[in-house]
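Asks: This is data.txt, which holds compact mmCIF, C-alpha atoms:
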```txt
# COMPACT_ATOMS: atom_id res chain seq x y z
CA SER A 1 77.19 154.03 168.79
CA GLN A 2 78.87 150.69 168.17
CA LYS A 3 79.51 148.62 171.22
CA ILE A 4 81.33 145.32 171.70
CA GLU A 5 81.09 143.86 175.17
CA GLN A 6 83.02 141.06 176.76
CA ASN A 7 82.84 140.01 180.36
CA SER A 8 85.43 142.17 182.08
CA GLU A 9 85.62 139.87 185.09
CA ALA A 10 88.35 137.27 184.97
CA LEU A 11 87.26 133.70 184.39
CA ASN A 12 88.89 131.25 186.81
CA ILE A 13 88.55 127.65 185.73
CA GLN A 14 89.90 124.29 186.74
CA GLU A 15 92.21 122.44 184.38
CA GLY A 16 90.32 120.04 182.15
CA LYS A 17 87.06 121.97 182.27
CA THR A 18 85.53 123.98 179.43
CA ALA A 19 85.88 127.75 179.49
CA THR A 20 83.10 129.70 177.77
CA LEU A 21 83.51 133.35 176.89
CA THR A 22 80.87 135.72 175.56
CA CYS A 23 81.08 138.55 173.06
CA ASN A 24 78.00 140.72 172.54
CA TYR A 25 77.68 143.59 170.11
CA THR A 26 75.17 146.34 169.35
CA ASN A 27 74.69 148.81 166.50
CA TYR A 28 76.95 146.76 164.28
CA SER A 29 76.55 144.40 161.34
CA PRO A 30 79.85 142.54 161.06
CA ALA A 31 80.76 140.36 158.13
CA TYR A 32 83.46 138.68 160.19
CA LEU A 33 83.99 138.00 163.86
CA GLN A 34 87.43 136.99 165.06
CA TRP A 35 88.91 135.80 168.31
CA TYR A 36 92.44 136.62 169.41
CA ARG A 37 94.62 135.62 172.32
CA GLN A 38 96.79 138.22 174.02
CA ASP A 39 99.46 137.47 176.59
CA PRO A 40 100.74 140.24 178.91
CA GLY A 41 103.00 142.70 177.12
CA ARG A 42 102.47 141.04 173.75
CA GLY A 43 100.45 141.71 170.62
CA PRO A 44 97.29 139.70 169.89
CA VAL A 45 97.54 136.36 168.13
CA PHE A 46 94.80 135.20 165.77
CA LEU A 47 92.82 132.14 166.81
CA LEU A 48 89.61 131.78 164.83
CA LEU A 49 87.45 133.61 162.33
CA ILE A 50 83.75 133.07 161.71
CA ARG A 51 81.66 134.68 159.01
CA GLU A 52 78.16 136.07 159.33
CA ASN A 53 76.69 133.14 157.42
CA GLU A 54 78.41 130.54 159.61
CA LYS A 55 77.01 129.19 162.86
CA GLU A 56 79.99 127.37 164.27
CA LYS A 57 83.71 126.93 163.70
CA ARG A 58 86.16 124.58 165.36
CA LYS A 59 89.91 124.40 165.61
CA GLU A 60 91.47 121.76 167.81
CA ARG A 61 90.18 122.47 171.35
CA LEU A 62 88.57 125.75 170.36
CA LYS A 63 85.00 126.31 169.23
CA VAL A 64 83.29 129.53 168.20
CA THR A 65 79.60 130.12 167.60
CA PHE A 66 78.06 133.16 165.94
CA ASP A 67 74.41 134.16 166.34
CA THR A 68 73.65 137.26 164.28
CA THR A 69 70.09 137.36 165.62
CA LEU A 70 71.25 137.54 169.21
CA LYS A 71 74.30 139.56 168.11
CA GLN A 72 76.48 137.27 170.13
CA SER A 73 79.47 135.00 169.78
CA LEU A 74 80.52 132.31 172.23
CA PHE A 75 84.11 131.10 172.46
CA HIS A 76 84.80 127.74 174.07
CA ILE A 77 88.10 126.25 175.20
CA THR A 78 87.58 122.57 175.91
CA ALA A 79 89.88 120.45 178.10
CA SER A 80 91.48 123.68 179.29
CA GLN A 81 95.14 123.74 180.28
CA PRO A 82 97.17 126.20 182.39
CA ALA A 83 98.89 127.27 179.16
CA ASP A 84 95.51 128.57 177.96
CA SER A 85 95.68 131.30 180.62
CA ALA A 86 95.61 134.62 178.76
CA THR A 87 93.27 137.43 177.74
CA TYR A 88 90.92 136.61 174.88
CA LEU A 89 89.68 139.37 172.62
CA CYS A 90 86.83 139.32 170.15
CA ALA A 91 87.04 141.60 167.16
CA LEU A 92 84.57 142.53 164.45
CA ALA A 93 85.08 143.67 160.88
CA LYS A 94 82.62 144.81 158.27
CA ALA A 95 84.60 143.45 155.33
CA ALA A 96 87.66 141.44 154.46
CA GLY A 97 90.82 143.37 155.20
CA ASN A 98 88.86 146.05 156.96
CA LYS A 99 89.83 147.58 160.26
CA LEU A 100 88.97 145.60 163.34
CA THR A 101 86.95 146.83 166.31
CA PHE A 102 87.91 145.05 169.50
CA GLY A 103 86.02 144.15 172.63
CA GLY A 104 87.56 144.78 176.03
CA GLY A 105 88.78 141.22 176.43
CA THR A 106 88.22 138.56 179.07
CA ARG A 107 91.08 137.24 181.16
CA VAL A 108 91.10 133.48 181.61
CA LEU A 109 93.05 131.78 184.38
CA VAL A 110 93.26 127.99 184.25
CA LYS A 111 94.30 126.46 187.55
CA PRO A 112 96.07 123.09 187.68
CA GLY B 1 103.40 132.09 158.86
CA ALA B 2 103.27 135.82 158.43
CA VAL B 3 105.51 137.75 160.81
CA VAL B 4 105.20 141.37 161.81
CA SER B 5 108.04 142.90 163.74
CA GLN B 6 107.89 146.06 165.81
CA HIS B 7 110.86 148.03 167.04
CA PRO B 8 111.65 149.03 169.68
CA SER B 9 109.79 146.78 172.12
CA ARG B 10 110.31 149.26 174.94
CA VAL B 11 111.25 152.92 174.95
CA ILE B 12 111.53 155.56 177.65
CA CYS B 13 111.73 159.16 176.55
CA LYS B 14 111.68 162.58 178.11
CA SER B 15 108.61 164.76 177.89
CA GLY B 16 108.74 166.98 174.80
CA THR B 17 110.84 164.66 172.68
CA SER B 18 109.73 162.57 169.71
CA VAL B 19 109.76 158.80 169.42
CA LYS B 20 109.63 156.70 166.26
CA ILE B 21 108.19 153.19 166.23
CA GLU B 22 108.74 150.88 163.27
CA CYS B 23 106.43 148.15 162.05
CA ARG B 24 107.81 145.72 159.48
CA SER B 25 106.21 142.80 157.70
CA LEU B 26 109.10 140.35 157.45
CA ASP B 27 107.90 137.72 155.02
CA PHE B 28 105.02 139.33 153.17
CA GLN B 29 103.97 142.60 151.59
CA ALA B 30 101.38 144.72 153.36
CA THR B 31 99.29 147.27 151.51
CA THR B 32 97.57 148.29 154.71
CA MET B 33 98.87 148.55 158.25
CA PHE B 34 96.93 149.57 161.31
CA TRP B 35 98.16 151.31 164.44
CA TYR B 36 96.49 150.66 167.79
CA ARG B 37 96.97 151.98 171.29
CA GLN B 38 96.22 149.97 174.41
CA PHE B 39 96.07 151.40 177.92
CA PRO B 40 96.42 149.08 180.93
CA LYS B 41 93.51 146.66 181.34
CA GLN B 42 91.79 148.12 178.29
CA SER B 43 91.32 146.85 174.79
CA LEU B 44 93.02 147.91 171.60
CA MET B 45 91.83 151.21 170.22
CA LEU B 46 92.46 151.87 166.55
CA MET B 47 94.40 155.07 165.99
CA ALA B 48 94.92 155.12 162.25
CA THR B 49 95.01 153.13 159.05
CA SER B 50 98.24 153.35 157.11
CA ASN B 51 98.18 152.79 153.35
CA GLU B 52 101.34 152.38 151.32
CA GLY B 53 102.00 155.42 149.18
CA SER B 54 99.15 157.53 150.50
CA LYS B 55 98.18 159.53 153.56
CA ALA B 56 97.08 157.72 156.67
CA THR B 57 93.47 157.79 157.77
CA TYR B 58 93.07 158.77 161.42
CA GLU B 59 90.27 157.79 163.76
CA GLN B 60 88.17 160.44 165.39
CA GLY B 61 89.96 162.11 168.27
CA VAL B 62 93.46 161.11 167.17
CA GLU B 63 95.67 164.09 166.34
CA LYS B 64 97.38 163.54 163.01
CA ASP B 65 100.01 166.18 163.73
CA LYS B 66 100.96 164.46 166.95
CA PHE B 67 101.00 160.90 165.66
CA LEU B 68 102.80 161.00 162.33
CA ILE B 69 102.47 157.91 160.18
CA ASN B 70 104.62 157.08 157.18
CA HIS B 71 104.03 153.98 155.07
CA ALA B 72 106.88 154.32 152.62
CA SER B 73 107.07 150.75 151.36
CA LEU B 74 105.04 147.56 151.28
CA THR B 75 106.93 146.22 154.27
CA LEU B 76 107.40 149.22 156.55
CA SER B 77 105.19 151.68 158.38
CA THR B 78 106.40 154.06 161.05
CA LEU B 79 104.56 155.89 163.81
CA THR B 80 106.22 158.96 165.28
CA VAL B 81 104.87 160.33 168.54
CA THR B 82 105.84 163.99 168.45
CA SER B 83 106.33 166.17 171.52
CA ALA B 84 105.48 163.23 173.75
CA HIS B 85 103.83 163.81 177.11
CA PRO B 86 103.30 161.44 180.04
CA GLU B 87 99.69 160.88 178.96
CA ASP B 88 101.02 159.38 175.71
CA SER B 89 102.54 156.55 177.72
CA SER B 90 100.85 153.42 176.44
CA PHE B 91 101.31 150.15 174.57
CA TYR B 92 101.37 150.77 170.81
CA ILE B 93 100.65 147.85 168.50
CA CYS B 94 100.64 147.59 164.74
CA SER B 95 98.98 145.04 162.50
CA ALA B 96 99.31 144.30 158.81
CA ASP B 97 97.07 142.93 156.09
CA ARG B 98 98.86 140.66 153.67
CA LEU B 99 98.84 141.81 150.04
CA GLY B 100 96.58 139.60 147.99
CA GLN B 101 94.97 137.84 150.87
CA GLY B 102 91.45 136.88 149.94
CA PRO B 103 88.28 136.32 151.94
CA GLU B 104 89.66 133.05 153.27
CA ASN B 105 92.56 134.83 154.93
CA THR B 106 91.27 137.88 156.71
CA GLU B 107 93.16 137.48 159.95
CA ALA B 108 95.33 140.38 161.06
CA PHE B 109 98.99 139.84 161.85
CA PHE B 110 100.11 141.83 164.85
CA GLY B 111 103.49 143.05 165.95
CA GLN B 112 104.68 142.35 169.46
CA GLY B 113 103.92 145.88 170.59
CA THR B 114 105.97 148.82 171.87
CA ARG B 115 105.76 149.95 175.46
CA LEU B 116 106.25 153.73 175.50
CA THR B 117 106.93 155.48 178.78
CA VAL B 118 107.22 159.27 178.78
CA VAL B 119 108.88 160.73 181.87
```
If you took the structure in this file and wrote it as structure tokens, what would it be?

Replies:
Amino acid sequence: SQKIEQNSEALNIQEGKTATLTCNYTNYSPAYLQWYRQDPGRGPVFLLLIRENEKEKRKERLKVTFDTTLKQSLFHITASQPADSATYLCALAKAAGNKLTFGGGTRVLVKP
Amino acid sequence: GAVVSQHPSRVICKSGTSVKIECRSLDFQATTMFWYRQFPKQSLMLMATSNEGSKATYEQGVEKDKFLINHASLTLSTLTVTSAHPEDSSFYICSADRLGQGPENTEAFFGQGTRLTVV
């Protein structure tokens, strides 16, 4: 069966450092991999999308890599700030506009 | 940006009653809306795909007679939890795909969620 795994343990990091989150998947061939941010009691907010034929994508302090051989995506938050504290979800889709399958999310806590 | 609004944000109902949750795309048309459920400290689990003008497609294990979905227009989908029980208490979230969005715009736009508590 399809599985998307994210580190369930919270990531505690010092302000200014780089946070790196991992998303691994099995029995899946996604066309798109997306990262979302979710704050407590709120819906997810889109951050970045990377396609199967792309290796890396950047947006401001965020960077995503996608390795379809390893079936893994890494999500980096550089120069982290306390405002970056949230749960980060990876999600996979087989086609544009298709339903998303979410990982369990990783909670990030950035300490000042 | 595209805005999806859910209403209500919180609802408490008695066991056995029905609750309706609305999901509206405010500034775009949505041919497809998705309904998710999220239990505490867990991820979003897709319940059903709602297509405007046709019957919803439910995921395995989701009772279509219990979770009624109506997608009557390109800007509104509703989820009705019928005969709610305490185990239906959860965070319900909808998302919408923008009509005409191409491969460059495949992000999903989520509502703010509805916290349902059945007592």

Asks: Could you please tell me, as an NGL selection string, which residues of chain B have an atom within 12 Å of chain A when using all atoms listed in the file?

Replies: :B and (1-6 or 9-10 or 30-50 or 57-59 or 90-116)

Asks: Find the spatial neighbours of Gly16 (chain B), counting all atoms listed in the file, within a cut-off of 7 Å - ignore same-chain residues fewer than 2 positions away - and output them as a ChimeraX atom specification.

Replies: /B:14,18,83-85

Asks: Write the residues of the selection above to a file with C-alpha atoms, as a compact mmCIF listing (two decimals), keeping the file's coordinate frame.

Replies:
```txt
# COMPACT_ATOMS: atom_id res chain seq x y z
CA LYS B 14 111.68 162.58 178.11
CA SER B 18 109.73 162.57 169.71
CA SER B 83 106.33 166.17 171.52
CA ALA B 84 105.48 163.23 173.75
CA HIS B 85 103.83 163.81 177.11
```

Asks: Using only C-alpha atoms for the distances, tell me which of A:Thr69, A:Val64, A:Gln14, A:Arg58 is nearest to Thr26 (chain A).

Replies: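 The shortest atom-to-atom distance to Thr26 (chain A) comes from A:Thr69.
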
Asks: Would you kindly return, as a PyMOL selection string, each protein, DNA or RNA residue with an atom no farther than 7 Å from any atom of Leu68 (chain B), considering all atoms listed in the file and excluding same-chain residues fewer than 3 positions away?

Replies: chain B and resi 64-65+79-81

Asks: So, with all atoms listed in the file as the atoms that count, which of A:Gln72, A:Thr65, A:Asn27, A:Gln38 lies closest to Ala86 (chain A)?

Replies: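 Closest residue, counting all atoms listed in the file: A:Gln38.
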
Asks: Pick the closest to Phe67 (chain B) from B:Leu26, B:Val11, B:Val118, B:Val19: which is it, counting all atoms listed in the file?

Replies: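 Nearest candidate to Phe67 (chain B) out of B:Leu26, B:Val11, B:Val118, B:Val19: B:Val19.
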
Asks: Work out where the centre of an axis-aligned box around every listed atom of region 25-44 of chain A lies and how long its edges are once 3 Å is added on each side; give both in Å to one decimal as AutoDock Vina command-line options.

Replies:
```
--center_x 88.8 --center_y 142.2 --center_z 168.5 --size_x 34.3 --size_y 19.2 --size_z 26.8
```

Asks: Which protein, DNA or RNA residues are at most 6 Å from (88.6, 135.7, 185.0) in the file's coordinates when you count only C-alpha atoms, listed as an MDAnalysis selection string?

Replies: chainID A and resid 9:12 107:109

Asks: Please write the residues from the selection above to a file, keeping C-alpha atoms, as a PDB file, in the frame of the given file.

Replies:
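For reference, out11.pdb as written:
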```pdb
ATOM      1  CA  GLU A   9      85.620 139.870 185.090  1.00  0.00           C
ATOM      2  CA  ALA A  10      88.350 137.270 184.970  1.00  0.00           C
ATOM      3  CA  LEU A  11      87.260 133.700 184.390  1.00  0.00           C
ATOM      4  CA  ASN A  12      88.890 131.250 186.810  1.00  0.00           C
ATOM      5  CA  ARG A 107      91.080 137.240 181.160  1.00  0.00           C
ATOM      6  CA  VAL A 108      91.100 133.480 181.610  1.00  0.00           C
ATOM      7  CA  LEU A 109      93.050 131.780 184.380  1.00  0.00           C
TER       8      LEU A 109
END
```
